[in-house]
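*Asks:* Dumping the structure here so I can ask a few things about it.
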Amino acid sequence: MFVVRLNNARYEYDVHSIVKAFYPEEMVKVLTPETLPEKKAELEKDIQIEITLEKHGVDIQINDKKFRRNMENENAEDAKRYKDSFKRFLYTSLCESTGKKLPWGNLTGIRPTKIAMGMLEEKKSAPEILDFMKTAHYVSDEKAVLALDIAQREKEILSSVHYENGYSLYIGIPFCPTTCLYCSFTSYAIVAYRQRVEEYIDCLIKEMHFVAETYKDKILDSVYIGGGTPTTLEAEQLDRMITALKEIFDFSTVQEFTVEAGRADSITREKLEVLHKHGVDRISVNPQTMKQETLDIIGRRATVEQVRKAYALAREVGFTNINMDIILGLPGETAEDVANTIDAIVDMKPDSLTVHSLAIKRASKLSNWITENGIETLNNTDETMAIAAQGAEKLGMKPYYLYRQKNMSGNFENVGYATEGNYGLYNILIMEEKQTIVALGAGSITKVVFPDGRIERCDNVKDVALYIEKIDEMIERKKELLVAD
């Protein structure tokens with residue numbers, strides 16, 4: 001347990017995120033004046049960092065080291081300026097105390113490319129953007145260049161998107177063959193819900209009709225069916241759902257239609273043929289790793305051989321844009337294991353590769369696994385990130401989108417790489433938050449982007465049975481938001 005005492009609850013999230021990045025192996029707790037007295041009593045004996053914020057200065061004590069910053073030139077009433085200055089001071093104090101620097105500096109948000117993208121839109125030059133990221137946020141040279149490179153590519157890819165009069169559509173299939181060790185997404189073992197899938201599809205179709213009518217004067221740019229694992233549905237169920245989708249919506253403007261086929265143990269020729277018949281032009285076959293022992297540990301039932309067969313089958317059926325996902329930092333994996341996975345993927349030659357850094361989510365089974373086995377078994381490093389990047393380069397791919405998550409192994413990032421013409425449009429849109437995305441299905445979240453840049457959200461309930469029961473209520477929630485757009 002690593003406890004921080006902070007005298008201002010307004011900065012609790014930022015303090016937790018930065019401290020946790022320096023001490024990933026620790027459970028970090030932040031005590032504030034708003035913390036319940038009984039919880040304070042339990043934790044105060046473990047305080048290792050004390051932070052006192054005042055109008056004209058900040059005091060930080062990390063174990064036996066004391067740091068002081070005068071804030072006379074910072075206006076405490078200018079919340080953003082004061083917060084940015086405080087975050088820089090906390091970061092540099094932790095650097096000095098620990099002897100470590102973080103690749104993304106003091107950035108705590110999940111979308112670092114938005115900084116570069118915003119500055120490009122302000123007509124800032126590349127040197128100005130790089131200098132800002134390095135001096136204002138202490139981002140490393142390598143990561144600053146990566147963020148700028150991706151932002152420039154995203155700007156070009158998004159040039160054909162209809163921002164103000166367009167939208168994208170997400171359809172969530174919250175079922176999986178089994179739940180993976182690291183997963184925190186809304187997903188349920190299909191075996192327990194097999195009898196309710198038809199009802200679930202009925203509800204999706206009901207949502208489709210509402211959205212299509214409400215947005216009949218808007219342009220549909222991209223469609224993404226994700227989950228869960230969409231291919232846990234039977235071929236006939238996929239056919240029924242996508243047939244309805246294409247009858248209800250005008251697909252003449254759709255630039256990208258993706259289905260995340262995902263797990264190889266759910267992929268069959270019949271399902272792939274259904275997707276191909278309906279004009280799905282981008283799919284995923286996601287191994288996560290090509291090491292069988294790791295697949296067994298994380299509960300991913302598909303074998304390495306099944307991954308190879310599913311990929312080959314997708315090519316036989318006619319798919320020309322196939323993505324593969326991998327995760328770095330999985331339990332027990334070494335740099336050699338990552339190199340073997342990358343070599344196998346290079347041999348298969350997918351059209352895009354998404355490289356995830358393992359994120360430890362409280363809602364996943366991984367948290368319990370770490371308690372039993374130790375966090376030192378999760379090993380993501382500059383070396384493993386470089387191995388993946390070099391593999392993508394061998395395949396002729398360029399990085400085109402990037403995002404970060406809390407509690408990521410090595411404090412790194414997730415990067416999408418793709419060959420020219422095979423960039424995932426929806427992936428960029430969901431990260432950059434520049435276009436409205438209407439989401440259907442249990443656990444999905446609709447995000448409406450208003451012309452003034454304001455973003456409002458509307459979420460569907462996660463529980464499948466409750467979603468089916470309250471589908472009319474879910475539609476009413478959407479109605480209030482979408483009609484206001």
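Going through the structure tokens in order, the chains are called A, B, and so on, while each chain numbers its residues from 1 and the ligands are numbered from 1 in the order shown.
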Which residues come within 6 Å of segment 44-56 of chain A, counting only C-alpha atoms, excluding same-chain residues fewer than 5 positions away, as a ChimeraX atom specification?
*Replies:* /A:3-7,61-63,71-72,76
*Asks:* Suppose we keep N, CA and C atoms; can you now write the selection as an mmCIF file, in the first residue's frame?
*Replies:*
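Saved file part-v2.cif follows:
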```cif
data_model
loop_
_atom_site.group_PDB
_atom_site.id
_atom_site.type_symbol
_atom_site.label_atom_id
_atom_site.label_comp_id
_atom_site.auth_asym_id
_atom_site.auth_seq_id
_atom_site.Cartn_x
_atom_site.Cartn_y
_atom_site.Cartn_z
ATOM 1 N N VAL A 3 0.384 5.324 0.275
ATOM 2 C CA VAL A 3 -0.638 6.306 0.628
ATOM 3 C C VAL A 3 -0.103 7.729 0.453
ATOM 4 N N VAL A 4 -0.933 8.566 -0.171
ATOM 5 C CA VAL A 4 -0.620 9.982 -0.380
ATOM 6 C C VAL A 4 -1.649 10.814 0.383
ATOM 7 N N ARG A 5 -1.179 11.781 1.176
ATOM 8 C CA ARG A 5 -2.121 12.704 1.812
ATOM 9 C C ARG A 5 -2.102 14.013 1.036
ATOM 10 N N LEU A 6 -3.278 14.463 0.622
ATOM 11 C CA LEU A 6 -3.437 15.648 -0.223
ATOM 12 C C LEU A 6 -4.482 16.552 0.415
ATOM 13 N N ASN A 7 -4.195 17.822 0.522
ATOM 14 C CA ASN A 7 -5.128 18.712 1.221
ATOM 15 C C ASN A 7 -6.191 19.329 0.327
ATOM 16 N N GLN A 61 6.330 16.323 0.314
ATOM 17 C CA GLN A 61 7.308 15.509 1.021
ATOM 18 C C GLN A 61 7.150 14.067 0.565
ATOM 19 N N ILE A 62 8.226 13.508 0.016
ATOM 20 C CA ILE A 62 8.227 12.123 -0.458
ATOM 21 C C ILE A 62 9.199 11.362 0.431
ATOM 22 N N ASN A 63 8.646 10.535 1.305
ATOM 23 C CA ASN A 63 9.442 9.873 2.349
ATOM 24 C C ASN A 63 10.194 10.954 3.130
ATOM 25 N N MET A 71 4.452 29.571 -5.957
ATOM 26 C CA MET A 71 3.443 29.744 -7.013
ATOM 27 C C MET A 71 2.978 31.202 -7.087
ATOM 28 N N GLU A 72 3.817 32.134 -6.655
ATOM 29 C CA GLU A 72 3.438 33.553 -6.663
ATOM 30 C C GLU A 72 3.027 34.011 -8.054
ATOM 31 N N ALA A 76 -4.000 31.221 -8.594
ATOM 32 C CA ALA A 76 -4.755 30.072 -8.090
ATOM 33 C C ALA A 76 -6.205 30.093 -8.565
#
```
*Asks:* Excluding Asp202 of chain A and its own-chain neighbours fewer than 5 positions away, which residues fall within 12 Å of it when counting only C-alpha atoms? Please give them as a PyMOL selection string.
*Replies:* chain A and resi 196-197+207-209+237+240-242+244-245+440-441+467-469+471
*Asks:* Export N, CA and C atoms of the chosen residues as a PDB file, in the first residue's frame?
*Replies:*
```
ATOM      1  N   ARG A 196     -31.016 -16.284 -25.294  1.00  0.00           N
ATOM      2  CA  ARG A 196     -31.534 -14.916 -25.323  1.00  0.00           C
ATOM      3  C   ARG A 196     -30.933 -14.083 -26.457  1.00  0.00           C
ATOM      4  N   VAL A 197     -30.110 -14.686 -27.283  1.00  0.00           N
ATOM      5  CA  VAL A 197     -29.445 -13.928 -28.351  1.00  0.00           C
ATOM      6  C   VAL A 197     -30.454 -13.361 -29.343  1.00  0.00           C
ATOM      7  N   GLU A 207     -33.356  -0.460 -31.794  1.00  0.00           N
ATOM      8  CA  GLU A 207     -32.508   0.735 -31.676  1.00  0.00           C
ATOM      9  C   GLU A 207     -32.110   1.255 -33.054  1.00  0.00           C
ATOM     10  N   MET A 208     -31.810   0.336 -33.964  1.00  0.00           N
ATOM     11  CA  MET A 208     -31.425   0.739 -35.325  1.00  0.00           C
ATOM     12  C   MET A 208     -32.516   1.590 -35.969  1.00  0.00           C
ATOM     13  N   HIS A 209     -33.755   1.128 -35.878  1.00  0.00           N
ATOM     14  CA  HIS A 209     -34.872   1.865 -36.493  1.00  0.00           C
ATOM     15  C   HIS A 209     -34.957   3.273 -35.914  1.00  0.00           C
ATOM     16  N   GLN A 237     -27.558 -15.831 -37.212  1.00  0.00           N
ATOM     17  CA  GLN A 237     -27.847 -14.651 -36.395  1.00  0.00           C
ATOM     18  C   GLN A 237     -27.085 -13.433 -36.912  1.00  0.00           C
ATOM     19  N   ARG A 240     -28.962 -12.275 -39.981  1.00  0.00           N
ATOM     20  CA  ARG A 240     -30.200 -11.551 -39.670  1.00  0.00           C
ATOM     21  C   ARG A 240     -29.907 -10.132 -39.200  1.00  0.00           C
ATOM     22  N   MET A 241     -28.921 -10.009 -38.331  1.00  0.00           N
ATOM     23  CA  MET A 241     -28.597  -8.693 -37.775  1.00  0.00           C
ATOM     24  C   MET A 241     -28.065  -7.749 -38.852  1.00  0.00           C
ATOM     25  N   ILE A 242     -27.131  -8.228 -39.680  1.00  0.00           N
ATOM     26  CA  ILE A 242     -26.522  -7.337 -40.671  1.00  0.00           C
ATOM     27  C   ILE A 242     -27.472  -7.071 -41.834  1.00  0.00           C
ATOM     28  N   ALA A 244     -30.681  -6.673 -41.496  1.00  0.00           N
ATOM     29  CA  ALA A 244     -31.529  -5.598 -40.979  1.00  0.00           C
ATOM     30  C   ALA A 244     -30.771  -4.275 -40.984  1.00  0.00           C
ATOM     31  N   LEU A 245     -29.522  -4.313 -40.544  1.00  0.00           N
ATOM     32  CA  LEU A 245     -28.683  -3.111 -40.493  1.00  0.00           C
ATOM     33  C   LEU A 245     -28.612  -2.435 -41.855  1.00  0.00           C
ATOM     34  N   LEU A 440     -25.120   1.228 -30.028  1.00  0.00           N
ATOM     35  CA  LEU A 440     -26.262   0.355 -29.756  1.00  0.00           C
ATOM     36  C   LEU A 440     -25.805  -0.873 -28.990  1.00  0.00           C
ATOM     37  N   GLY A 441     -26.669  -1.379 -28.115  1.00  0.00           N
ATOM     38  CA  GLY A 441     -26.356  -2.619 -27.413  1.00  0.00           C
ATOM     39  C   GLY A 441     -26.016  -2.412 -25.951  1.00  0.00           C
ATOM     40  N   TYR A 467     -30.989  -4.851 -20.267  1.00  0.00           N
ATOM     41  CA  TYR A 467     -31.043  -4.136 -21.546  1.00  0.00           C
ATOM     42  C   TYR A 467     -32.275  -4.583 -22.340  1.00  0.00           C
ATOM     43  N   ILE A 468     -32.504  -5.891 -22.402  1.00  0.00           N
ATOM     44  CA  ILE A 468     -33.655  -6.420 -23.140  1.00  0.00           C
ATOM     45  C   ILE A 468     -34.961  -5.931 -22.507  1.00  0.00           C
ATOM     46  N   GLU A 469     -34.993  -5.961 -21.170  1.00  0.00           N
ATOM     47  CA  GLU A 469     -36.203  -5.559 -20.448  1.00  0.00           C
ATOM     48  C   GLU A 469     -36.497  -4.072 -20.613  1.00  0.00           C
ATOM     49  N   ILE A 471     -35.368  -1.860 -23.069  1.00  0.00           N
ATOM     50  CA  ILE A 471     -34.947  -1.321 -24.358  1.00  0.00           C
ATOM     51  C   ILE A 471     -35.646  -0.004 -24.691  1.00  0.00           C
TER      52      ILE A 471
END
```
*Asks:* Would you give me, as a PyMOL selection string, the residues in segment 321-481 of chain A that DSSP reads as helix (DSSP H, G or I)?
*Replies:* chain A and resi 335-348+366-373+375-377+382-394+409-411+425-432+464-469+471-481
*Asks:* Could you please write out, as a list in words, every residue of segment 56-159 of chain A that DSSP assigns to strand (DSSP E or B)?
*Replies:*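 These are the residues in question: Gly57, Val58, Asp59, Ile60, Gln61, Ile62, Lys65, Lys66, Phe67, Arg68, Arg69 and Asn70 of chain A.
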*Asks:* Take the residues that were just selected and, keeping C-alpha atoms, output them as a PDB file, in the first residue's frame.
*Replies:*
```
ATOM      1  CA  GLY A  57       2.987  27.618  -3.092  1.00  0.00           C
ATOM      2  CA  VAL A  58       3.101  23.828  -3.002  1.00  0.00           C
ATOM      3  CA  ASP A  59       4.936  21.651  -0.506  1.00  0.00           C
ATOM      4  CA  ILE A  60       5.649  18.006  -1.281  1.00  0.00           C
ATOM      5  CA  GLN A  61       7.308  15.509   1.021  1.00  0.00           C
ATOM      6  CA  ILE A  62       8.227  12.123  -0.458  1.00  0.00           C
ATOM      7  CA  LYS A  65      12.741  14.344   0.905  1.00  0.00           C
ATOM      8  CA  LYS A  66      11.080  17.767   0.881  1.00  0.00           C
ATOM      9  CA  PHE A  67      10.254  19.852  -2.191  1.00  0.00           C
ATOM     10  CA  ARG A  68       8.863  23.398  -2.342  1.00  0.00           C
ATOM     11  CA  ARG A  69       7.608  25.427  -5.273  1.00  0.00           C
ATOM     12  CA  ASN A  70       6.671  29.091  -5.074  1.00  0.00           C
TER      13      ASN A  70
END
```
*Asks:* Could you build a table of the residues in segment 385-485 of chain A lying no more than 10 Å from segment 210-231 of chain A, giving for each the nearest pair of atoms and their separation in Å rounded to one decimal place, using only C-alpha atoms, ordered by chain and ascending residue number, as a tab-separated table?
*Replies:*
```
residue	atom	partner	partner_atom	distance
A:Gly424	CA	A:Ser222	CA	9.8
A:Leu425	CA	A:Ser222	CA	7.3
A:Tyr426	CA	A:Ser222	CA	6.3
A:Asn427	CA	A:Tyr224	CA	9.2
A:Leu429	CA	A:Ser222	CA	9.4
A:Gln435	CA	A:Asp221	CA	9.7
A:Ile437	CA	A:Ser222	CA	9.3
A:Val438	CA	A:Val211	CA	8.0
A:Ala439	CA	A:Tyr224	CA	9.4
A:Leu440	CA	A:Val211	CA	9.2
A:Gly441	CA	A:Gly227	CA	9.4
A:Ala442	CA	A:Gly227	CA	9.6
A:Gly443	CA	A:Gly227	CA	9.4
A:Ser444	CA	A:Gly227	CA	9.1
A:Ile475	CA	A:Phe210	CA	7.3
A:Glu476	CA	A:Phe210	CA	9.7
A:Lys478	CA	A:Val211	CA	8.5
A:Lys479	CA	A:Thr214	CA	8.1
A:Leu482	CA	A:Thr214	CA	7.4
A:Val483	CA	A:Thr214	CA	7.1
A:Asp485	CA	A:Tyr215	CA	9.6
```
*Asks:* Mind dumping a table of every segment 54-140 of chain A residue within 12 Å of segment 11-28 of chain A, with the nearest atom pair and its distance in Å to one decimal, using only C-alpha atoms, sorted by chain and rising number, as a Markdown table?
*Replies:*
```
| residue | atom | partner | partner_atom | distance |
| --- | --- | --- | --- | --- |
| A:Ile60 | CA | A:Val15 | CA | 11.6 |
| A:Ile62 | CA | A:Val19 | CA | 10.7 |
| A:Ala79 | CA | A:Tyr11 | CA | 10.6 |
| A:Lys80 | CA | A:Tyr11 | CA | 11.2 |
| A:Tyr82 | CA | A:Tyr11 | CA | 10.7 |
| A:Lys83 | CA | A:Tyr11 | CA | 7.8 |
| A:Asp84 | CA | A:Asp14 | CA | 10.1 |
| A:Phe86 | CA | A:Tyr11 | CA | 9.3 |
| A:Lys87 | CA | A:Asp14 | CA | 7.5 |
| A:Arg88 | CA | A:Ile18 | CA | 10.1 |
| A:Phe89 | CA | A:Ile18 | CA | 11.1 |
| A:Leu90 | CA | A:Val15 | CA | 8.0 |
| A:Tyr91 | CA | A:Ile18 | CA | 7.0 |
| A:Thr92 | CA | A:Ile18 | CA | 10.7 |
| A:Ser93 | CA | A:Val19 | CA | 10.6 |
| A:Leu94 | CA | A:Phe22 | CA | 7.5 |
| A:Cys95 | CA | A:Phe22 | CA | 8.4 |
| A:Glu96 | CA | A:Phe22 | CA | 11.4 |
| A:Ser97 | CA | A:Phe22 | CA | 10.2 |
| A:Thr98 | CA | A:Phe22 | CA | 7.8 |
| A:Gly99 | CA | A:Phe22 | CA | 10.0 |
| A:Lys100 | CA | A:Phe22 | CA | 7.6 |
| A:Lys101 | CA | A:Phe22 | CA | 8.4 |
| A:Leu102 | CA | A:Phe22 | CA | 7.7 |
| A:Pro103 | CA | A:Ala21 | CA | 10.3 |
| A:Trp104 | CA | A:Ala21 | CA | 10.0 |
| A:Gly105 | CA | A:Ile18 | CA | 9.0 |
| A:Asn106 | CA | A:Ile18 | CA | 6.6 |
| A:Leu107 | CA | A:Ile18 | CA | 8.1 |
| A:Thr108 | CA | A:Ser17 | CA | 6.1 |
| A:Gly109 | CA | A:Ser17 | CA | 9.1 |
| A:Ile110 | CA | A:Ser17 | CA | 11.1 |
| A:His137 | CA | A:Ile18 | CA | 12.0 |
```
*Asks:* Could you check the closest approach to Arg194 of chain A for each of A:Val464, A:Phe450, A:Tyr401, A:Leu313 and tell me which residue wins, using only C-alpha atoms?
*Replies:* A:Val464
*Asks:* Considering only C-alpha atoms, return as a list in words whatever protein or nucleic-acid residues lie within 8 Å of segment 115-119 of chain A, sequence-local ones (same chain, fewer than 3 positions apart) excluded.
*Replies:*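 Near segment 115-119 of chain A, the qualifying residues are Arg111, Pro112, Glu122, Lys123, Lys124, Ile129, Ala147, Leu148, Ala151, Gln152 and Lys155 of chain A.
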*Asks:* Counting only C-alpha atoms, which residues of segment 228-275 of chain A sit at most 12 Å from some atom of segment 156-176 of chain A, and what is each one's closest atom pair with its distance in Å to one decimal, listed by chain and rising residue number, as a tab-separated table?
*Replies:*
```
residue	atom	partner	partner_atom	distance
A:Gly228	CA	A:Pro174	CA	4.4
A:Thr229	CA	A:Cys176	CA	5.1
A:Pro230	CA	A:Ile173	CA	5.2
A:Thr231	CA	A:Cys176	CA	8.4
A:Thr232	CA	A:Cys176	CA	6.1
A:Leu233	CA	A:Phe175	CA	8.2
A:Glu234	CA	A:Phe175	CA	11.7
A:Gln237	CA	A:Ile173	CA	11.5
A:Leu238	CA	A:Ile173	CA	10.4
A:Met241	CA	A:Ile171	CA	10.2
A:Ile242	CA	A:Ile171	CA	10.4
A:Leu245	CA	A:Ile171	CA	9.9
A:Phe249	CA	A:Leu169	CA	10.2
A:Asp250	CA	A:Leu169	CA	11.9
A:Phe251	CA	A:Leu169	CA	11.3
A:Thr253	CA	A:Gly166	CA	9.8
A:Val254	CA	A:Ser168	CA	8.8
A:Gln255	CA	A:Val161	CA	8.8
A:Glu256	CA	A:Ser168	CA	9.7
A:Phe257	CA	A:Leu169	CA	9.7
A:Thr258	CA	A:Tyr170	CA	9.6
A:Val259	CA	A:Ile171	CA	9.4
A:Glu260	CA	A:Ile173	CA	9.9
A:Ala261	CA	A:Cys176	CA	10.8
A:Gly262	CA	A:Cys176	CA	9.6
A:Arg263	CA	A:Cys176	CA	8.5
A:Ala264	CA	A:Cys176	CA	11.3
A:Asp265	CA	A:Cys176	CA	10.0
A:Ser266	CA	A:Cys176	CA	8.4
A:Ile267	CA	A:Cys176	CA	11.8
```
*Asks:* Save the residues we just selected, N, CA and C atoms, as a PDB file, in the first residue's frame?
*Replies:*
```
ATOM      1  N   GLY A 228     -16.906  -7.539 -26.336  1.00  0.00           N
ATOM      2  CA  GLY A 228     -17.309  -8.884 -26.680  1.00  0.00           C
ATOM      3  C   GLY A 228     -16.660  -9.403 -27.955  1.00  0.00           C
ATOM      4  N   THR A 229     -17.286 -10.448 -28.452  1.00  0.00           N
ATOM      5  CA  THR A 229     -16.838 -11.097 -29.679  1.00  0.00           C
ATOM      6  C   THR A 229     -18.045 -11.298 -30.592  1.00  0.00           C
ATOM      7  N   PRO A 230     -18.228 -10.443 -31.610  1.00  0.00           N
ATOM      8  CA  PRO A 230     -19.402 -10.558 -32.484  1.00  0.00           C
ATOM      9  C   PRO A 230     -19.582 -11.940 -33.102  1.00  0.00           C
ATOM     10  N   THR A 231     -18.468 -12.641 -33.385  1.00  0.00           N
ATOM     11  CA  THR A 231     -18.595 -13.948 -34.036  1.00  0.00           C
ATOM     12  C   THR A 231     -18.933 -15.077 -33.065  1.00  0.00           C
ATOM     13  N   THR A 232     -19.313 -14.728 -31.825  1.00  0.00           N
ATOM     14  CA  THR A 232     -19.938 -15.755 -30.981  1.00  0.00           C
ATOM     15  C   THR A 232     -21.367 -16.011 -31.455  1.00  0.00           C
ATOM     16  N   LEU A 233     -21.932 -15.066 -32.198  1.00  0.00           N
ATOM     17  CA  LEU A 233     -23.244 -15.296 -32.796  1.00  0.00           C
ATOM     18  C   LEU A 233     -23.120 -16.370 -33.866  1.00  0.00           C
ATOM     19  N   GLU A 234     -24.183 -17.109 -34.066  1.00  0.00           N
ATOM     20  CA  GLU A 234     -24.211 -18.100 -35.146  1.00  0.00           C
ATOM     21  C   GLU A 234     -24.269 -17.370 -36.488  1.00  0.00           C
ATOM     22  N   GLN A 237     -27.558 -15.831 -37.212  1.00  0.00           N
ATOM     23  CA  GLN A 237     -27.847 -14.651 -36.395  1.00  0.00           C
ATOM     24  C   GLN A 237     -27.085 -13.433 -36.912  1.00  0.00           C
ATOM     25  N   LEU A 238     -25.840 -13.630 -37.286  1.00  0.00           N
ATOM     26  CA  LEU A 238     -25.084 -12.541 -37.899  1.00  0.00           C
ATOM     27  C   LEU A 238     -25.775 -12.061 -39.169  1.00  0.00           C
ATOM     28  N   MET A 241     -28.921 -10.009 -38.331  1.00  0.00           N
ATOM     29  CA  MET A 241     -28.597  -8.693 -37.775  1.00  0.00           C
ATOM     30  C   MET A 241     -28.065  -7.749 -38.852  1.00  0.00           C
ATOM     31  N   ILE A 242     -27.131  -8.228 -39.680  1.00  0.00           N
ATOM     32  CA  ILE A 242     -26.522  -7.337 -40.671  1.00  0.00           C
ATOM     33  C   ILE A 242     -27.472  -7.071 -41.834  1.00  0.00           C
ATOM     34  N   LEU A 245     -29.522  -4.313 -40.544  1.00  0.00           N
ATOM     35  CA  LEU A 245     -28.683  -3.111 -40.493  1.00  0.00           C
ATOM     36  C   LEU A 245     -28.612  -2.435 -41.855  1.00  0.00           C
ATOM     37  N   PHE A 249     -30.316   1.313 -42.654  1.00  0.00           N
ATOM     38  CA  PHE A 249     -29.425   2.462 -42.868  1.00  0.00           C
ATOM     39  C   PHE A 249     -28.984   2.551 -44.320  1.00  0.00           C
ATOM     40  N   ASP A 250     -28.721   3.776 -44.751  1.00  0.00           N
ATOM     41  CA  ASP A 250     -28.173   4.022 -46.082  1.00  0.00           C
ATOM     42  C   ASP A 250     -26.659   3.813 -46.026  1.00  0.00           C
ATOM     43  N   PHE A 251     -26.177   2.742 -46.652  1.00  0.00           N
ATOM     44  CA  PHE A 251     -24.753   2.423 -46.625  1.00  0.00           C
ATOM     45  C   PHE A 251     -23.992   3.039 -47.800  1.00  0.00           C
ATOM     46  N   THR A 253     -22.930   5.898 -48.217  1.00  0.00           N
ATOM     47  CA  THR A 253     -21.909   6.864 -47.789  1.00  0.00           C
ATOM     48  C   THR A 253     -20.874   6.247 -46.844  1.00  0.00           C
ATOM     49  N   VAL A 254     -21.069   4.987 -46.473  1.00  0.00           N
ATOM     50  CA  VAL A 254     -20.198   4.358 -45.472  1.00  0.00           C
ATOM     51  C   VAL A 254     -18.806   4.124 -46.056  1.00  0.00           C
ATOM     52  N   GLN A 255     -17.801   4.704 -45.406  1.00  0.00           N
ATOM     53  CA  GLN A 255     -16.422   4.584 -45.876  1.00  0.00           C
ATOM     54  C   GLN A 255     -15.719   3.347 -45.321  1.00  0.00           C
ATOM     55  N   GLU A 256     -16.223   2.818 -44.203  1.00  0.00           N
ATOM     56  CA  GLU A 256     -15.569   1.672 -43.565  1.00  0.00           C
ATOM     57  C   GLU A 256     -16.609   0.883 -42.775  1.00  0.00           C
ATOM     58  N   PHE A 257     -16.620  -0.437 -42.979  1.00  0.00           N
ATOM     59  CA  PHE A 257     -17.532  -1.328 -42.269  1.00  0.00           C
ATOM     60  C   PHE A 257     -16.690  -2.429 -41.629  1.00  0.00           C
ATOM     61  N   THR A 258     -16.553  -2.348 -40.305  1.00  0.00           N
ATOM     62  CA  THR A 258     -15.672  -3.258 -39.566  1.00  0.00           C
ATOM     63  C   THR A 258     -16.466  -4.205 -38.687  1.00  0.00           C
ATOM     64  N   VAL A 259     -16.037  -5.461 -38.652  1.00  0.00           N
ATOM     65  CA  VAL A 259     -16.537  -6.408 -37.652  1.00  0.00           C
ATOM     66  C   VAL A 259     -15.336  -7.011 -36.946  1.00  0.00           C
ATOM     67  N   GLU A 260     -15.325  -6.878 -35.632  1.00  0.00           N
ATOM     68  CA  GLU A 260     -14.217  -7.406 -34.854  1.00  0.00           C
ATOM     69  C   GLU A 260     -14.453  -8.898 -34.616  1.00  0.00           C
ATOM     70  N   ALA A 261     -14.014  -9.709 -35.573  1.00  0.00           N
ATOM     71  CA  ALA A 261     -14.201 -11.155 -35.442  1.00  0.00           C
ATOM     72  C   ALA A 261     -13.468 -11.668 -34.205  1.00  0.00           C
ATOM     73  N   GLY A 262     -12.278 -11.123 -33.968  1.00  0.00           N
ATOM     74  CA  GLY A 262     -11.604 -11.345 -32.696  1.00  0.00           C
ATOM     75  C   GLY A 262     -11.058 -12.734 -32.486  1.00  0.00           C
ATOM     76  N   ARG A 263     -11.719 -13.504 -31.651  1.00  0.00           N
ATOM     77  CA  ARG A 263     -11.164 -14.770 -31.198  1.00  0.00           C
ATOM     78  C   ARG A 263     -11.297 -15.874 -32.231  1.00  0.00           C
ATOM     79  N   ALA A 264     -10.193 -16.534 -32.473  1.00  0.00           N
ATOM     80  CA  ALA A 264     -10.153 -17.567 -33.508  1.00  0.00           C
ATOM     81  C   ALA A 264     -11.072 -18.739 -33.192  1.00  0.00           C
ATOM     82  N   ASP A 265     -11.328 -18.997 -31.897  1.00  0.00           N
ATOM     83  CA  ASP A 265     -12.196 -20.127 -31.542  1.00  0.00           C
ATOM     84  C   ASP A 265     -13.668 -19.832 -31.796  1.00  0.00           C
ATOM     85  N   SER A 266     -13.976 -18.621 -32.292  1.00  0.00           N
ATOM     86  CA  SER A 266     -15.366 -18.297 -32.639  1.00  0.00           C
ATOM     87  C   SER A 266     -15.550 -18.130 -34.144  1.00  0.00           C
ATOM     88  N   ILE A 267     -14.473 -18.299 -34.909  1.00  0.00           N
ATOM     89  CA  ILE A 267     -14.509 -18.022 -36.352  1.00  0.00           C
ATOM     90  C   ILE A 267     -14.718 -19.305 -37.146  1.00  0.00           C
TER      91      ILE A 267
END
```
*Asks:* Taking only C-alpha atoms into account, name the residue in A:Leu378, A:Leu146, A:Ala465, A:Ile298 that is nearest to Tyr400 of chain A.
*Replies:*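 Closest to Tyr400 of chain A, using only C-alpha atoms: A:Leu146.
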*Asks:* List the neighbours of Glu433 of chain A out to 9 Å using only C-alpha atoms; skip same-chain residues closer than 2 positions along the sequence, and give me the result as a PyMOL selection string.
*Replies:* chain A and resi 428-431+435-437+447-449+455
*Asks:* Determine, counting only C-alpha atoms, which protein, DNA and RNA residues have an atom within 8 Å of an atom of Val304 of chain A; residues of the same chain fewer than 3 positions away are not included. Present the result as a compact mmCIF listing (two decimals) with C-alpha atoms, in the first residue's frame.
*Replies:*
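Saved to around-v3.txt:
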```
# COMPACT_ATOMS: atom_id res chain seq x y z
CA PRO A 287 -4.15 -13.69 -31.25
CA MET A 290 1.43 -16.59 -30.28
CA LYS A 291 2.74 -18.36 -27.18
CA GLN A 292 0.44 -21.22 -26.22
CA VAL A 307 -5.27 -18.43 -35.03
CA ARG A 308 -3.25 -19.42 -38.10
```
*Asks:* To one decimal in Å, tell me the separation between atom CA of Ile445 of chain A and atom CA of Val461 of chain A.
*Replies:*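 One can read the atom CA of Ile445 of chain A to atom CA of Val461 of chain A distance as 9.2 Å.
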